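A.B. asks: Here you go, one structure.
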Amino acid sequence: VLTLPMAERREWLALFVFIGGLSAATGMVIVATVALTTMVSNTLIMPFLLRIRVLKLESQVNMSGLLLFIRRAAIILILLLSYGYFRQTGQSSPLVSIGLISFTAVAQFAPALLGGMYWKGGTRAGALAGITGGFLVWAYTLFLPSMAESGWFTAQFIEHGPFGIWWLKPYALFGVDNLTPITHALVWSMLFNVGGYLILSLLNQPTVLEHSQASLFVDVFKYDGKQSRNPASIWRGSTSVESLRSLLGRFLGPGRADRLFAQYAQARGLIWTPASDADPELVGFAEKQLAGVIGAASARVTVASVVKEEMLSLKEVMDILDETSQVIAYSHQLEEKSQALEKATAELRAANEELKKLDRLKDEFISTVTHELRTPLTSIRAFSEILSDNPDLNAAKRLEFSGIILKESERLTRLINNVLDLAKIESGNMEWSLSAVDIRDLIKETVTAVAQLLHEKNARLELDFPDHVPSVRVDHDRIMQVLLNLVSNAIKFCATEGGWIQIQVQVSPAVIQVNVSDNGAGVAPENRDIIFEKFRQAGDTLTDKPQGTGLGLPICRRIVSYFGGEIWVSDRRGGSGATFSFTLPFNYQPVTNNENSEPMQL
């Protein structure tokens, strides 16, 4: 900023910029120093001096001179320390780096401050542990390295870590070396800070005082302006206006104390005499004025030295306890209602998502069923019109078109039957005819039914049965429906050349397991769940959608689940392809209204 006007030989502009920058820097130093001095005086020095009874500061006539001396001495000391640190580190670190190091240090107060405002579980021990741990890590990763870079001690500490321990290098703590020094220090100090704050707070129960303070801070908007009882109204004590005026005069000076009391009386329309008794509001006002000069803790002790407090009566204590218990009970009721409301909201949100999903599935269902019904109907209508419009068509063509009409009619019938079966199962109106079934005989019937499909695909079928297979009590037709679906799918998706299908039966003490394997392309892992959903099929629905409606496997799962079994798909062992497996327990008894009635309804 200075170089630009100097390059253009505008000395007056360069001087103007220099004065502005100097004033800004000076103002920043003044504000920061005065603020820091006030905090040091109010929270460190004055509380310490007031606790030294030998000094008898509370009986001094005028304390303003001592306060001014303390603050002026603190200003000089802070400026000297700051300048000394700058002289020692300014050659190796620019001013902005020193500022960032300071900001990182100040950030260590953030977790405890934010936790105190928003978390009732925080404790004093947790806050102290977090701040202490954060400052120690900050000093190790930023402050000490800055001193080492300035030559205060050897730089081996930075390059190799203390005692040559590489994972303790301040700029690469625990091996993390891909961050800038400021970011590195902030991350690790915040980790120790927040971790110590949370762990110590969770391990220690808050005290009664901590619990009370947490409620006042966290629920500040709940209590602010809603307390029927003014805190000052429950104070009982006696002191005179003159005693309070004299007390403020010691620290603020007599002239300023007189002006403050005059303004207070004028604002409230009060007329005092030296012997007038001070009310609770005036005591609170005096304490606040002192707190701005010597700090809140010191002000409370100093005011107590001139105020004679009295015990509350039993009735007043009982009134306070009764009001407090009502507030606590009301708070608990609000908390319970809030939790119930959150739970109801979550349930409504989940129900809404389920309704959206069902609505989407309904649309997909209608769209798919419409498409699947339209395709065979279109074929039937087209070939019927050809036969009707061409009565002199030769016999071979008539036979071919009639066969197509018959095939499409059968396809239409299968689709309608599948939709009806799924609807009956889901509504609980499916009729189940139970009997003892030999699974091997059922498989042989299935193979006979799909023999033509095997012949057309030129696929080889293998059967693997153990010597003895116990009977299972199931519905013969429904389990055969499952087998027909799985075997026909295996034939459909087996390899075009050298197609191979295997049906295997395994028997264990509790269940019988049937595996239907093929040597086709298999089922991708991400599709192994969706193929058992209604109208969901593997593959790109726009390019390679398999033939069918997507109802076969969902119906199979419903049937097998009714008899207490499971159905799943996995990779075929020893090669490409897929294996569809389902189990049927031997001793499973479906829920019935009458065990002797067959057929029965679920």
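Labeling convention for the structure tokens: chains A, B, ... as they appear, residues from 1 per chain, ligands from 1 in order of appearance.
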What residues in range 26-252 of chain A get the DSSP label helix (DSSP H, G or I)? Please answer as a ChimeraX atom specification.
C.D. replies: /A:26-50,53-55,57-59,64-89,95-118,124-149,156-160,162-164,166-168,173-175,181-203,208-218,220-223,231-234,241-252
A.B. asks: To one decimal in Å, tell me the separation between CA of Gln481 in chain A and CA of Glu497 in chain A.
C.D. replies: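 Calculated distance between CA of Gln481 in chain A and CA of Glu497 in chain A is 27.3 Å.
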A.B. asks: Excluding Thr496 in chain A and any residue of its chain fewer than 6 positions from it, enumerate the residues within 9 Å of it, using only C-alpha atoms, and give them as a ChimeraX atom specification.
C.D. replies: /A:457-459,520
A.B. asks: Please produce an output containing N, CA and C atoms for each residue in the selection, written as a PDB file, in the first residue's frame.
C.D. replies:
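Listing of result_2.pdb after writing:
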ATOM      1  N   LYS A 457     -33.921 -75.548 -25.648  1.00  0.00           N
ATOM      2  CA  LYS A 457     -32.674 -74.867 -25.287  1.00  0.00           C
ATOM      3  C   LYS A 457     -31.461 -75.773 -25.488  1.00  0.00           C
ATOM      4  N   ASN A 458     -31.742 -77.093 -25.727  1.00  0.00           N
ATOM      5  CA  ASN A 458     -30.658 -78.075 -25.886  1.00  0.00           C
ATOM      6  C   ASN A 458     -29.740 -78.033 -24.660  1.00  0.00           C
ATOM      7  N   ALA A 459     -30.363 -78.019 -23.451  1.00  0.00           N
ATOM      8  CA  ALA A 459     -29.621 -77.924 -22.199  1.00  0.00           C
ATOM      9  C   ALA A 459     -29.572 -79.292 -21.526  1.00  0.00           C
ATOM     10  N   GLY A 520     -25.197 -69.924 -16.448  1.00  0.00           N
ATOM     11  CA  GLY A 520     -25.407 -68.687 -17.189  1.00  0.00           C
ATOM     12  C   GLY A 520     -24.519 -67.554 -16.685  1.00  0.00           C
TER      13      GLY A 520
END
A.B. asks: Write out as a ChimeraX atom specification the set of residues from range 377-595 of chain A that DSSP, computed on the backbone, places in strand (DSSP E).
C.D. replies: /A:431-432,434-437,460-464,472-475,500-507,511-518,567-571,578-585
A.B. asks: With only C-alpha atoms as the counted atoms, please give the residues lying no more than 12 Å from Leu114 in chain A, apart from itself and same-chain residues fewer than 2 positions off, as a VMD selection string.
C.D. replies: chain A and resid 107 to 112 116 to 120 122 127 194 197 214 217 to 218
